[in-house]
file protein-v1.cif (mmCIF, C-alpha atoms)
data_model
loop_
_atom_site.label_atom_id
_atom_site.label_comp_id
_atom_site.auth_asym_id
_atom_site.auth_seq_id
_atom_site.Cartn_x
_atom_site.Cartn_y
_atom_site.Cartn_z
CA MET A 1 82.63 73.21 70.04
CA SER A 2 79.26 71.59 69.65
CA LEU A 3 78.17 70.11 72.94
CA PHE A 4 75.58 67.78 71.42
CA LEU A 5 77.79 66.43 68.63
CA ASN A 6 80.60 65.58 71.00
CA LEU A 7 78.51 64.01 73.74
CA ALA A 8 75.49 62.50 72.00
CA PRO A 9 76.86 58.91 71.90
CA THR A 10 76.89 58.91 75.71
CA ILE A 11 73.15 59.48 75.80
CA LEU A 12 72.24 56.45 73.72
CA SER A 13 71.77 52.90 74.84
CA PRO A 14 74.17 50.27 73.44
CA THR A 15 71.59 48.94 70.95
CA GLN A 16 70.69 52.38 69.59
CA THR A 17 74.04 54.13 69.23
CA HIS A 18 74.80 52.97 65.67
CA LEU A 19 71.31 53.66 64.32
CA LYS A 20 71.08 57.06 65.98
CA LEU A 21 74.40 58.19 64.55
CA ALA A 22 73.37 57.00 61.11
CA SER A 23 70.14 59.01 61.17
CA PHE A 24 71.57 62.03 62.97
CA LYS A 25 71.55 64.48 60.07
CA ARG A 26 68.07 63.46 58.97
CA LYS A 27 66.56 64.14 62.40
CA PHE A 28 68.41 67.36 63.14
CA PRO A 29 68.92 69.19 59.82
CA SER A 30 69.51 72.50 61.63
CA ILE A 31 72.80 71.26 63.13
CA SER A 32 75.67 71.00 60.69
CA LEU A 33 78.51 68.56 61.21
CA SER A 34 81.83 70.26 61.73
CA PRO A 35 84.82 69.15 59.60
CA ASP A 36 86.70 67.80 62.60
CA PHE A 37 83.64 65.65 63.44
CA ARG A 38 83.66 64.09 59.94
CA ASN A 39 87.37 63.33 60.14
CA ARG A 40 87.29 61.55 63.47
CA THR A 41 88.79 58.09 63.43
CA LYS A 42 86.75 55.05 64.31
CA ILE A 43 87.77 53.07 67.36
CA ARG A 44 86.34 50.18 69.30
CA SER A 45 82.89 50.86 70.75
CA VAL A 46 82.79 51.83 74.41
CA HIS A 47 80.09 49.22 74.85
CA GLY A 48 82.44 46.44 73.79
CA ASN A 49 80.83 45.75 70.38
CA PRO A 50 83.38 46.21 67.55
CA ASP A 51 80.56 46.41 64.98
CA GLN A 52 79.29 49.65 66.49
CA PRO A 53 81.68 52.51 65.67
CA HIS A 54 82.57 55.09 68.28
CA VAL A 55 84.19 58.36 67.31
CA THR A 56 86.73 60.45 69.16
CA PRO A 57 88.19 63.82 68.24
CA ALA A 58 91.81 63.96 67.12
CA LYS A 59 93.02 66.71 69.44
CA PRO A 60 96.43 68.34 69.17
CA ARG A 61 98.88 67.32 71.84
CA TRP A 62 98.88 70.74 73.49
CA GLU A 63 95.10 70.59 73.95
CA ASN A 64 95.44 67.26 75.75
CA ILE A 65 98.10 68.79 78.02
CA VAL A 66 95.87 71.77 78.81
CA SER A 67 92.91 69.46 79.47
CA ASP A 68 94.98 67.34 81.85
CA ALA A 69 96.17 70.47 83.63
CA ALA A 70 92.56 71.64 84.09
CA SER A 71 91.65 68.31 85.72
CA LEU A 72 94.11 69.02 88.56
CA TYR A 73 91.73 71.47 90.22
CA PRO A 74 91.84 69.73 93.64
CA VAL A 75 95.64 69.94 93.57
CA TYR A 76 95.63 73.68 92.86
CA VAL A 77 93.15 74.38 95.64
CA THR A 78 95.02 72.20 98.14
CA VAL A 79 98.39 73.82 97.35
CA GLY A 80 96.81 77.27 97.50
CA GLY A 81 95.24 76.43 100.85
CA ILE A 82 98.64 75.43 102.24
CA VAL A 83 100.16 78.70 100.98
CA ALA A 84 97.26 80.61 102.56
CA CYS A 85 97.97 78.93 105.91
CA LEU A 86 101.71 79.57 105.81
CA LYS A 87 101.63 83.06 104.27
CA PRO A 88 98.18 84.67 104.14
CA SER A 89 99.70 87.91 102.83
CA ALA A 90 100.40 86.16 99.52
CA PHE A 91 96.74 86.70 98.62
CA ALA A 92 96.45 90.20 100.09
CA TRP A 93 96.59 91.86 96.66
CA PHE A 94 93.42 89.98 95.70
CA VAL A 95 91.64 90.15 99.07
CA ASN A 96 92.13 93.91 99.44
CA ARG A 97 90.26 94.46 96.17
CA GLY A 98 87.28 92.38 97.29
CA PRO A 99 84.40 91.94 96.95
CA SER A 100 84.77 93.44 93.45
CA SER A 101 87.66 91.12 92.66
CA TYR A 102 85.56 88.16 93.78
CA SER A 103 82.62 89.13 91.56
CA LEU A 104 84.83 89.73 88.51
CA SER A 105 86.53 86.38 89.05
CA LEU A 106 83.25 84.47 89.17
CA GLY A 107 82.03 86.39 86.12
CA PHE A 108 85.14 85.25 84.25
CA ILE A 109 84.53 81.63 85.28
CA MET A 110 80.94 81.77 84.05
CA LEU A 111 82.03 83.46 80.81
CA ALA A 112 84.44 80.59 80.19
CA MET A 113 81.55 78.19 80.75
CA GLY A 114 79.36 80.10 78.30
CA LEU A 115 82.02 80.00 75.59
CA THR A 116 81.77 76.20 75.48
CA LEU A 117 77.96 76.05 75.22
CA GLU A 118 75.53 76.17 72.32
CA LEU A 119 72.03 76.92 73.54
CA LYS A 120 70.34 75.16 70.62
CA ASP A 121 72.11 71.92 71.52
CA LEU A 122 71.08 72.28 75.17
CA ILE A 123 67.48 72.79 74.08
CA ASN A 124 67.68 69.64 71.93
CA LEU A 125 68.96 67.66 74.89
CA PHE A 126 66.29 69.05 77.19
CA THR A 127 63.47 68.14 74.79
CA GLN A 128 64.83 64.60 74.48
CA ARG A 129 65.21 63.91 78.19
CA PRO A 130 63.06 66.29 80.23
CA LEU A 131 62.27 63.81 83.02
CA SER A 132 65.83 63.02 84.09
CA ILE A 133 66.89 66.68 83.80
CA LEU A 134 63.95 67.97 85.87
CA PHE A 135 64.47 65.22 88.43
CA GLY A 136 68.13 66.17 88.82
CA CYS A 137 67.36 69.88 89.17
CA VAL A 138 64.68 69.26 91.79
CA ALA A 139 67.05 66.98 93.69
CA GLN A 140 69.72 69.70 93.62
CA TYR A 141 67.50 72.34 95.21
CA THR A 142 65.82 70.09 97.77
CA ILE A 143 68.39 67.60 99.07
CA MET A 144 71.28 69.99 99.69
CA PRO A 145 69.32 72.89 101.27
CA ALA A 146 67.50 70.45 103.57
CA PHE A 147 70.73 68.88 104.77
CA GLY A 148 72.35 72.30 105.11
CA VAL A 149 69.75 73.18 107.75
CA ILE A 150 69.82 69.74 109.40
CA ILE A 151 73.61 69.67 109.73
CA SER A 152 73.93 73.26 110.98
CA LYS A 153 71.33 72.62 113.71
CA SER A 154 72.68 69.20 114.64
CA LEU A 155 76.22 70.50 115.10
CA GLY A 156 75.08 73.68 116.82
CA LEU A 157 77.10 75.91 114.49
CA PRO A 158 77.46 79.63 115.25
CA PRO A 159 75.11 81.88 113.25
CA SER A 160 77.75 83.04 110.76
CA LEU A 161 78.86 79.48 109.95
CA SER A 162 75.25 78.28 109.77
CA VAL A 163 74.42 80.96 107.21
CA GLY A 164 77.55 80.11 105.22
CA LEU A 165 76.71 76.40 105.16
CA ILE A 166 73.08 77.04 104.18
CA LEU A 167 74.18 79.48 101.46
CA LEU A 168 76.58 76.86 100.11
CA ALA A 169 73.81 74.24 100.16
CA CYS A 170 71.49 76.53 98.19
CA CYS A 171 74.03 77.14 95.40
CA PRO A 172 73.69 75.41 92.01
CA GLY A 173 75.84 72.57 90.77
CA GLY A 174 79.49 73.30 90.06
CA THR A 175 81.21 72.97 86.70
CA ALA A 176 83.77 70.57 88.21
CA SER A 177 80.96 68.02 88.45
CA ASN A 178 81.05 67.59 84.66
CA VAL A 179 84.69 66.48 84.74
CA VAL A 180 84.07 64.16 87.69
CA THR A 181 81.06 62.63 85.91
CA LEU A 182 83.24 61.93 82.89
CA ILE A 183 85.82 60.21 85.10
CA ALA A 184 83.07 58.19 86.83
CA GLN A 185 81.66 56.92 83.50
CA GLY A 186 78.42 58.75 84.24
CA ASP A 187 75.96 60.47 81.94
CA VAL A 188 78.00 63.53 80.91
CA PRO A 189 75.32 65.28 78.80
CA LEU A 190 72.86 65.01 81.69
CA SER A 191 75.46 66.47 84.04
CA ILE A 192 76.16 69.42 81.73
CA VAL A 193 72.50 70.27 81.18
CA MET A 194 71.79 69.98 84.92
CA THR A 195 74.68 72.36 85.66
CA VAL A 196 73.37 74.93 83.17
CA CYS A 197 69.74 74.64 84.31
CA THR A 198 70.52 74.86 88.03
CA THR A 199 72.90 77.77 87.38
CA LEU A 200 70.25 79.71 85.48
CA GLY A 201 67.69 78.84 88.15
CA ALA A 202 70.03 80.15 90.85
CA VAL A 203 68.90 83.70 90.09
CA LEU A 204 65.65 83.00 91.92
CA LEU A 205 66.15 79.80 93.89
CA THR A 206 69.45 80.52 95.66
CA PRO A 207 68.32 83.88 97.17
CA LEU A 208 64.82 82.59 97.93
CA LEU A 209 65.96 79.41 99.67
CA THR A 210 68.71 81.26 101.56
CA LYS A 211 66.19 83.80 102.84
CA ILE A 212 63.72 81.11 103.90
CA LEU A 213 66.27 78.86 105.61
CA ALA A 214 68.84 81.34 106.97
CA ALA A 215 66.73 84.37 107.90
CA THR A 216 66.40 83.06 111.44
CA TYR A 217 70.15 83.63 111.91
CA VAL A 218 70.77 86.96 110.15
CA PRO A 219 68.76 89.29 107.90
CA VAL A 220 68.90 88.17 104.26
CA ASN A 221 68.15 90.51 101.34
CA ALA A 222 66.87 88.13 98.68
CA ALA A 223 66.49 90.87 96.05
CA LYS A 224 70.13 91.92 96.27
CA LEU A 225 71.27 88.30 96.23
CA SER A 226 69.19 87.72 93.11
CA ILE A 227 70.63 90.77 91.33
CA SER A 228 74.19 89.72 92.19
CA THR A 229 73.55 86.19 90.92
CA LEU A 230 72.13 87.59 87.68
CA GLN A 231 75.16 89.83 87.19
CA VAL A 232 77.94 87.39 87.98
CA VAL A 233 76.42 84.12 86.74
CA VAL A 234 73.65 84.37 84.15
CA ALA A 235 74.84 87.44 82.22
CA PRO A 236 78.38 86.06 81.61
CA ILE A 237 77.01 82.66 80.53
CA LEU A 238 74.64 84.26 78.02
CA LEU A 239 77.41 86.59 76.81
CA GLY A 240 79.76 83.66 76.31
CA SER A 241 77.12 81.70 74.41
CA TYR A 242 76.40 84.76 72.23
CA MET A 243 80.11 85.18 71.47
CA GLN A 244 80.33 81.48 70.64
CA SER A 245 77.62 81.77 68.00
CA THR A 246 78.63 85.20 66.68
CA PHE A 247 82.43 84.86 66.57
CA PRO A 248 82.97 81.09 66.23
CA ALA A 249 86.44 81.33 64.70
CA ALA A 250 87.82 83.55 67.46
CA VAL A 251 86.12 81.55 70.21
CA LYS A 252 87.47 78.30 68.78
CA LEU A 253 91.01 79.55 69.40
CA VAL A 254 90.46 80.28 73.10
CA THR A 255 87.97 77.52 73.98
CA PRO A 256 90.65 74.86 74.75
CA LEU A 257 92.23 77.25 77.26
CA ALA A 258 88.96 78.36 78.91
CA PRO A 259 88.60 75.42 81.36
CA LEU A 260 92.18 75.80 82.63
CA PHE A 261 91.85 79.54 83.17
CA ALA A 262 88.50 79.01 84.92
CA VAL A 263 90.03 76.39 87.23
CA LEU A 264 92.98 78.64 88.13
CA VAL A 265 90.74 81.64 88.83
CA SER A 266 88.38 79.50 90.91
CA SER A 267 91.34 78.22 92.94
CA LEU A 268 92.56 81.79 93.50
CA LEU A 269 89.10 82.83 94.65
CA ALA A 270 88.68 80.02 97.17
CA CYS A 271 92.19 80.33 98.59
CA SER A 272 91.90 84.12 98.94
CA VAL A 273 88.77 83.80 101.06
CA PHE A 274 90.41 81.07 103.10
CA SER A 275 93.44 83.31 103.72
CA GLU A 276 91.09 86.00 105.06
CA ASN A 277 90.03 83.66 107.87
CA VAL A 278 93.39 82.05 108.57
CA VAL A 279 94.26 84.45 111.41
CA ARG A 280 91.06 83.63 113.28
CA LEU A 281 91.46 79.91 112.71
CA LYS A 282 95.10 80.03 113.83
CA SER A 283 94.03 81.74 117.05
CA SER A 284 91.72 78.83 117.88
CA VAL A 285 94.58 76.43 117.15
CA ALA A 286 96.92 78.45 119.35
CA ILE A 287 94.47 78.43 122.24
CA ALA A 288 94.27 74.68 122.03
CA SER A 289 98.07 74.40 121.94
CA VAL A 290 98.56 76.56 125.04
CA ALA A 291 97.43 73.73 127.26
CA SER A 292 100.81 71.98 127.33
CA ASP A 293 99.60 69.30 129.69
CA LEU A 294 97.39 67.81 126.97
CA SER A 295 98.60 64.88 124.90
CA PRO A 296 98.97 65.35 121.10
CA ILE A 297 95.75 63.42 120.49
CA LEU A 298 93.83 65.59 122.94
CA ARG A 299 95.30 68.73 121.37
CA ILE A 300 94.09 67.62 117.94
CA GLN A 301 90.68 66.90 119.41
CA SER A 302 90.65 70.35 121.00
CA VAL A 303 91.50 72.00 117.67
CA LEU A 304 88.89 70.03 115.75
CA SER A 305 86.26 70.80 118.35
CA GLY A 306 86.69 74.52 117.62
CA GLU A 307 85.53 76.55 114.63
CA LEU A 308 87.99 74.90 112.22
CA GLY A 309 86.77 71.42 113.10
CA ALA A 310 83.14 72.53 112.92
CA VAL A 311 83.61 73.92 109.41
CA ILE A 312 85.45 70.84 108.14
CA LEU A 313 82.95 68.40 109.64
CA SER A 314 79.88 70.31 108.46
CA VAL A 315 81.17 70.61 104.89
CA LEU A 316 82.16 66.94 104.83
CA LEU A 317 78.71 65.85 106.02
CA LEU A 318 76.93 68.15 103.57
CA HIS A 319 78.72 66.84 100.50
CA PHE A 320 78.53 63.23 101.67
CA ALA A 321 74.77 63.62 102.07
CA GLY A 322 74.53 65.07 98.56
CA PHE A 323 76.46 62.21 96.97
CA PHE A 324 74.74 59.44 98.94
CA VAL A 325 71.13 60.69 98.93
CA GLY A 326 71.38 61.87 95.32
CA TYR A 327 72.40 58.39 94.18
CA THR A 328 69.87 56.67 96.42
CA VAL A 329 66.82 58.60 95.23
CA ALA A 330 67.90 58.16 91.60
CA ALA A 331 68.20 54.40 92.19
CA ILE A 332 64.78 54.28 93.88
CA CYS A 333 63.27 56.02 90.86
CA ARG A 334 64.95 53.39 88.66
CA PHE A 335 67.17 55.58 86.54
CA ARG A 336 70.01 53.90 84.67
CA GLU A 337 73.37 53.58 86.42
CA PRO A 338 75.14 56.32 84.37
CA GLU A 339 72.25 58.67 85.20
CA ARG A 340 72.44 57.77 88.89
CA ARG A 341 76.12 58.64 88.95
CA ALA A 342 75.56 61.93 87.14
CA ILE A 343 72.74 62.95 89.50
CA SER A 344 74.74 61.91 92.57
CA ILE A 345 77.80 63.93 91.52
CA GLU A 346 75.77 66.91 90.36
CA VAL A 347 73.83 67.09 93.63
CA GLY A 348 76.91 66.55 95.79
CA MET A 349 79.15 69.15 94.10
CA GLN A 350 78.19 72.80 94.53
CA ASN A 351 79.28 76.04 92.89
CA SER A 352 81.35 77.07 95.88
CA SER A 353 82.69 80.13 94.02
CA LEU A 354 79.18 81.58 93.87
CA GLY A 355 78.78 80.95 97.59
CA VAL A 356 82.04 82.78 98.27
CA VAL A 357 81.06 85.80 96.17
CA LEU A 358 77.55 86.13 97.65
CA ALA A 359 78.86 85.69 101.19
CA ALA A 360 81.61 88.30 100.75
CA SER A 361 79.29 90.77 99.04
CA HIS A 362 76.20 90.61 101.23
CA PHE A 363 77.24 89.55 104.73
CA THR A 364 79.40 91.51 107.15
CA SER A 365 81.07 88.56 108.89
CA PRO A 366 83.98 87.02 106.91
CA MET A 367 83.17 83.68 108.55
CA VAL A 368 80.08 83.34 106.33
CA ALA A 369 82.36 82.81 103.34
CA LEU A 370 84.44 80.17 105.12
CA PRO A 371 82.22 77.09 104.47
CA PRO A 372 82.07 77.78 100.69
CA ALA A 373 85.83 78.39 100.64
CA MET A 374 86.57 75.16 102.52
CA SER A 375 84.12 73.37 100.26
CA ALA A 376 86.30 74.13 97.25
CA VAL A 377 88.99 71.88 98.74
CA ILE A 378 86.90 69.22 100.49
CA MET A 379 84.26 68.85 97.76
CA ASN A 380 86.76 68.35 94.96
CA ILE A 381 88.79 65.81 96.90
CA MET A 382 85.61 63.86 97.74
CA GLY A 383 84.23 64.13 94.22
CA SER A 384 87.48 63.15 92.53
CA SER A 385 87.86 60.16 94.86
CA LEU A 386 84.32 59.02 94.11
CA GLY A 387 84.93 59.48 90.39
CA PHE A 388 88.06 57.31 90.44
CA ILE A 389 86.24 54.59 92.42
CA TRP A 390 83.38 54.51 89.92
CA ARG A 391 85.85 54.58 87.05
CA HIS A 392 86.82 51.00 87.95
CA VAL A 393 83.20 49.85 88.33
CA LYS A 394 81.64 49.43 84.91
CA PRO A 395 78.08 50.87 84.83
CA SER A 396 75.37 48.36 83.93
CA ASP A 397 72.07 49.32 82.30
CA SER A 398 70.44 45.96 82.92
CA ASP A 399 68.60 47.27 85.95
CA GLY A 400 67.10 50.26 84.21
CA GLY A 401 63.35 50.55 84.71
CA PRO A 402 60.56 52.47 83.03
CA LYS A 403 62.12 55.86 83.67
CA ALA A 404 65.37 54.76 82.08
CA ASN A 405 63.56 53.64 79.00
CA ALA A 406 61.52 56.82 78.86
CA ASN A 407 64.66 58.93 78.76
#
call {"tool": "encode", "arguments": {"input": "protein-v1.cif", "output": "structure tokens"}}
result
Amino acid sequence: MSLFLNLAPTILSPTQTHLKLASFKRKFPSISLSPDFRNRTKIRSVHGNPDQPHVTPAKPRWENIVSDAASLYPVYVTVGGIVACLKPSAFAWFVNRGPSSYSLSLGFIMLAMGLTLELKDLINLFTQRPLSILFGCVAQYTIMPAFGVIISKSLGLPPSLSVGLILLACCPGGTASNVVTLIAQGDVPLSIVMTVCTTLGAVLLTPLLTKILAATYVPVNAAKLSISTLQVVVAPILLGSYMQSTFPAAVKLVTPLAPLFAVLVSSLLACSVFSENVVRLKSSVAIASVASDLSPILRIQSVLSGELGAVILSVLLLHFAGFFVGYTVAAICRFREPERRAISIEVGMQNSSLGVVLAASHFTSPMVALPPAMSAVIMNIMGSSLGFIWRHVKPSDSDGGPKANAN
């Protein structure tokens, strides 16, 4: 599947879409139009102008069903979290094989991501819009790490939870952000390129930032973190992209299923780590429940004031800060509304699976992996809710400034 061919109309302004599509082959002779692209039916323009054609792929029904199933990621994680609370032993077969099982799972997720990418199309997108892409990547690796430190210190988190929150904040953008951006009527191509760029940059930036910001709590081996990130993130993405270009026919058969498998494996990974910590969390709940003289409200307050409440609150604040500050700085810099939404969602949604794998592989305390594991549930619920809100608010480009025009 060609990323650029399928998503290019989203990049263009309403007045340029028709002309750009008409001159597409002349400007990019190295990219051939696939047969399914030529046979797409014309429908009403997304910009409301019937004279400007907009194309959509005619997918088989089963592909639409699989795509809808993949979009239910928050549901899978929530259901898995409930199962982990009620019966932690249900994930013992996976937990007992960790951290190798965690690393292989993340590698599979990144391989699925690589199968859907064509590097030449990503390069074309980057050369067209370097400013917005670089801005988004810088925002990703400055806003979230800064708030990870601020929140952990403000809440007085224990060292293990502080390291876990900072590690989560230093992770790249998650692939779920691309789906949420699509729901929110944001700039999908920008979101995809930001995800790829921040993921590739995680080899150096995630270990480096974690060492700088979390070394005051526990020793951090940046070199080992970097090697692990290279092995479980970058190598599978490049392998998937190589397979996509070398064996296009075979990859085309499995590509529609790749997002669903990646979502299911990611859910399994997050819920398995959560099940590892359920016993400790239940003990804090039990301690709060022992005081029978407390009212139900006071019992709930007692539970939330413990480790469980600290994790939930810290993760909520971290992702809220990412969404809010990401959108605000993009608005201050006068990016177009679809770009603001893409940057906000990309900054606010992290690759929690990477955080889980690095925490389980390089830190002795299982509590370090708890914030990334909880993030898989909280982040996707927050992101999906934001996406559905923005879905009913039509983006307007009338307030775009110089940077919008330059990109």
call {"tool": "resolve_selection", "arguments": {"input": "protein-v1.cif", "expression": "the PyMOL selection byres ((chain A and resi 325-327) around 7)", "output": "VMD selection string"}}
result
chain A and resid 139 321 to 324 328 to 331 340 to 341 343 to 344 347
call {"tool": "closest_residue", "arguments": {"input": "protein-v1.cif", "among": "A:Leu317, A:Lys394, A:Gln244, A:Leu308", "to": "Ser154 of chain A", "atoms": "only C-alpha atoms"}}
result
A:Leu317
call {"tool": "closest_residue", "arguments": {"input": "protein-v1.cif", "among": "A:Ser162, A:Ser375, A:Ser241, A:Ser314", "to": "Thr216 of chain A", "atoms": "all atoms listed in the file"}}
result
A:Ser162
call {"tool": "resolve_selection", "arguments": {"input": "protein-v1.cif", "expression": "the PyMOL selection byres ((chain A and resi 245) around 12)", "output": "ChimeraX atom specification"}}
result
/A:1-2,114-121,238-244,246-252
call {"tool": "resolve_selection", "arguments": {"input": "protein-v1.cif", "expression": "the PyMOL selection byres ((chain A and resi 258) around 12)", "output": "short mmCIF file (atom, residue, chain, number, x, y, z; two decimals) with C-alpha atoms, in the coordinates of the input"}}
result
data_model
loop_
_atom_site.label_atom_id
_atom_site.label_comp_id
_atom_site.auth_asym_id
_atom_site.auth_seq_id
_atom_site.Cartn_x
_atom_site.Cartn_y
_atom_site.Cartn_z
CA GLU A 63 95.10 70.59 73.95
CA VAL A 66 95.87 71.77 78.81
CA SER A 67 92.91 69.46 79.47
CA ALA A 69 96.17 70.47 83.63
CA ALA A 70 92.56 71.64 84.09
CA PHE A 108 85.14 85.25 84.25
CA ILE A 109 84.53 81.63 85.28
CA MET A 110 80.94 81.77 84.05
CA LEU A 111 82.03 83.46 80.81
CA ALA A 112 84.44 80.59 80.19
CA MET A 113 81.55 78.19 80.75
CA GLY A 114 79.36 80.10 78.30
CA LEU A 115 82.02 80.00 75.59
CA THR A 116 81.77 76.20 75.48
CA LEU A 117 77.96 76.05 75.22
CA GLY A 240 79.76 83.66 76.31
CA VAL A 251 86.12 81.55 70.21
CA LYS A 252 87.47 78.30 68.78
CA LEU A 253 91.01 79.55 69.40
CA VAL A 254 90.46 80.28 73.10
CA THR A 255 87.97 77.52 73.98
CA PRO A 256 90.65 74.86 74.75
CA LEU A 257 92.23 77.25 77.26
CA PRO A 259 88.60 75.42 81.36
CA LEU A 260 92.18 75.80 82.63
CA PHE A 261 91.85 79.54 83.17
CA ALA A 262 88.50 79.01 84.92
CA VAL A 263 90.03 76.39 87.23
CA LEU A 264 92.98 78.64 88.13
CA VAL A 265 90.74 81.64 88.83
#
call {"tool": "atom_distance", "arguments": {"input": "protein-v1.cif", "atom1": "atom CA of Ala369 of chain A", "atom2": "atom CA of Val356 of chain A"}}
result
5.1 Å
call {"tool": "atom_distance", "arguments": {"input": "protein-v1.cif", "atom1": "atom CA of Ile381 of chain A", "atom2": "atom CA of Tyr73 of chain A"}}
result
9.2 Å
call {"tool": "closest_residue", "arguments": {"input": "protein-v1.cif", "among": "A:Phe147, A:Phe274, A:Tyr141, A:Trp93", "to": "Cys170 of chain A", "atoms": "only C-alpha atoms"}}
result
A:Tyr141
call {"tool": "residues_around", "arguments": {"input": "protein-v1.cif", "residues": "Val196 of chain A", "least_positions_apart": "5", "cutoff": "10 Å", "atoms": "only C-alpha atoms", "output": "number ranges by chain"}}
result
A: 113-114, 117, 119, 122, 137, 172-175, 191, 201-202, 234, 237
call {"tool": "closest_residue", "arguments": {"input": "protein-v1.cif", "among": "A:Cys171, A:Ile227, A:Thr198, A:Leu161", "to": "Ile312 of chain A", "atoms": "all atoms listed in the file"}}
result
A:Leu161
call {"tool": "residues_around", "arguments": {"input": "protein-v1.cif", "residues": "Ser103 of chain A", "least_positions_apart": "5", "cutoff": "9 Å", "atoms": "only C-alpha atoms", "output": "list in words"}}
result
Gly98, Phe108, Ser228, Gln231, Val232, Leu354, Val357, Leu358 and Ser361 of chain A
call {"tool": "closest_residue", "arguments": {"input": "protein-v1.cif", "among": "A:Ala176, A:Val138, A:Val311, A:Ile133", "to": "Gly383 of chain A", "atoms": "only C-alpha atoms"}}
result
A:Ala176
call {"tool": "closest_residue", "arguments": {"input": "protein-v1.cif", "among": "A:Leu134, A:Val75, A:Ala310, A:Leu386", "to": "Val193 of chain A", "atoms": "only C-alpha atoms"}}
result
A:Leu134
call {"tool": "decode", "arguments": {"input": "protein-v1.cif", "residues": "segment 364-376 of chain A", "atoms": "N, CA, C and O atoms", "output": "PDB file, in the first residue's frame"}}
result
ATOM      1  N   THR A 364      15.002  -3.459  37.699  1.00  0.00           N
ATOM      2  CA  THR A 364      14.687  -4.608  38.550  1.00  0.00           C
ATOM      3  C   THR A 364      13.275  -4.534  39.131  1.00  0.00           C
ATOM      4  O   THR A 364      12.623  -5.563  39.286  1.00  0.00           O
ATOM      5  N   SER A 365      12.802  -3.351  39.461  1.00  0.00           N
ATOM      6  CA  SER A 365      11.483  -3.217  40.070  1.00  0.00           C
ATOM      7  C   SER A 365      10.380  -3.351  39.019  1.00  0.00           C
ATOM      8  O   SER A 365      10.390  -2.633  38.011  1.00  0.00           O
ATOM      9  N   PRO A 366       9.392  -4.241  39.226  1.00  0.00           N
ATOM     10  CA  PRO A 366       8.281  -4.353  38.269  1.00  0.00           C
ATOM     11  C   PRO A 366       7.394  -3.118  38.248  1.00  0.00           C
ATOM     12  O   PRO A 366       6.650  -2.908  37.285  1.00  0.00           O
ATOM     13  N   MET A 367       7.486  -2.283  39.287  1.00  0.00           N
ATOM     14  CA  MET A 367       6.663  -1.074  39.338  1.00  0.00           C
ATOM     15  C   MET A 367       7.079  -0.049  38.293  1.00  0.00           C
ATOM     16  O   MET A 367       6.288   0.823  37.934  1.00  0.00           O
ATOM     17  N   VAL A 368       8.305  -0.136  37.780  1.00  0.00           N
ATOM     18  CA  VAL A 368       8.744   0.798  36.737  1.00  0.00           C
ATOM     19  C   VAL A 368       7.900   0.631  35.479  1.00  0.00           C
ATOM     20  O   VAL A 368       7.619   1.602  34.765  1.00  0.00           O
ATOM     21  N   ALA A 369       7.475  -0.592  35.203  1.00  0.00           N
ATOM     22  CA  ALA A 369       6.680  -0.849  33.998  1.00  0.00           C
ATOM     23  C   ALA A 369       5.208  -0.513  34.183  1.00  0.00           C
ATOM     24  O   ALA A 369       4.447  -0.550  33.205  1.00  0.00           O
ATOM     25  N   LEU A 370       4.791  -0.193  35.402  1.00  0.00           N
ATOM     26  CA  LEU A 370       3.370   0.047  35.652  1.00  0.00           C
ATOM     27  C   LEU A 370       2.835   1.312  34.974  1.00  0.00           C
ATOM     28  O   LEU A 370       1.760   1.262  34.354  1.00  0.00           O
ATOM     29  N   PRO A 371       3.507   2.483  35.056  1.00  0.00           N
ATOM     30  CA  PRO A 371       2.978   3.652  34.337  1.00  0.00           C
ATOM     31  C   PRO A 371       2.807   3.427  32.834  1.00  0.00           C
ATOM     32  O   PRO A 371       1.752   3.780  32.294  1.00  0.00           O
ATOM     33  N   PRO A 372       3.797   2.837  32.121  1.00  0.00           N
ATOM     34  CA  PRO A 372       3.542   2.557  30.692  1.00  0.00           C
ATOM     35  C   PRO A 372       2.381   1.601  30.465  1.00  0.00           C
ATOM     36  O   PRO A 372       1.612   1.766  29.512  1.00  0.00           O
ATOM     37  N   ALA A 373       2.236   0.588  31.343  1.00  0.00           N
ATOM     38  CA  ALA A 373       1.139  -0.364  31.181  1.00  0.00           C
ATOM     39  C   ALA A 373      -0.214   0.309  31.410  1.00  0.00           C
ATOM     40  O   ALA A 373      -1.170   0.082  30.658  1.00  0.00           O
ATOM     41  N   MET A 374      -0.316   1.136  32.444  1.00  0.00           N
ATOM     42  CA  MET A 374      -1.559   1.864  32.694  1.00  0.00           C
ATOM     43  C   MET A 374      -1.839   2.873  31.593  1.00  0.00           C
ATOM     44  O   MET A 374      -2.992   3.144  31.254  1.00  0.00           O
ATOM     45  N   SER A 375      -0.770   3.402  31.016  1.00  0.00           N
ATOM     46  CA  SER A 375      -0.928   4.370  29.932  1.00  0.00           C
ATOM     47  C   SER A 375      -1.644   3.765  28.737  1.00  0.00           C
ATOM     48  O   SER A 375      -2.393   4.455  28.044  1.00  0.00           O
ATOM     49  N   ALA A 376      -1.421   2.488  28.492  1.00  0.00           N
ATOM     50  CA  ALA A 376      -2.059   1.845  27.340  1.00  0.00           C
ATOM     51  C   ALA A 376      -3.575   1.940  27.425  1.00  0.00           C
ATOM     52  O   ALA A 376      -4.261   2.079  26.403  1.00  0.00           O
TER      53      ALA A 376
END
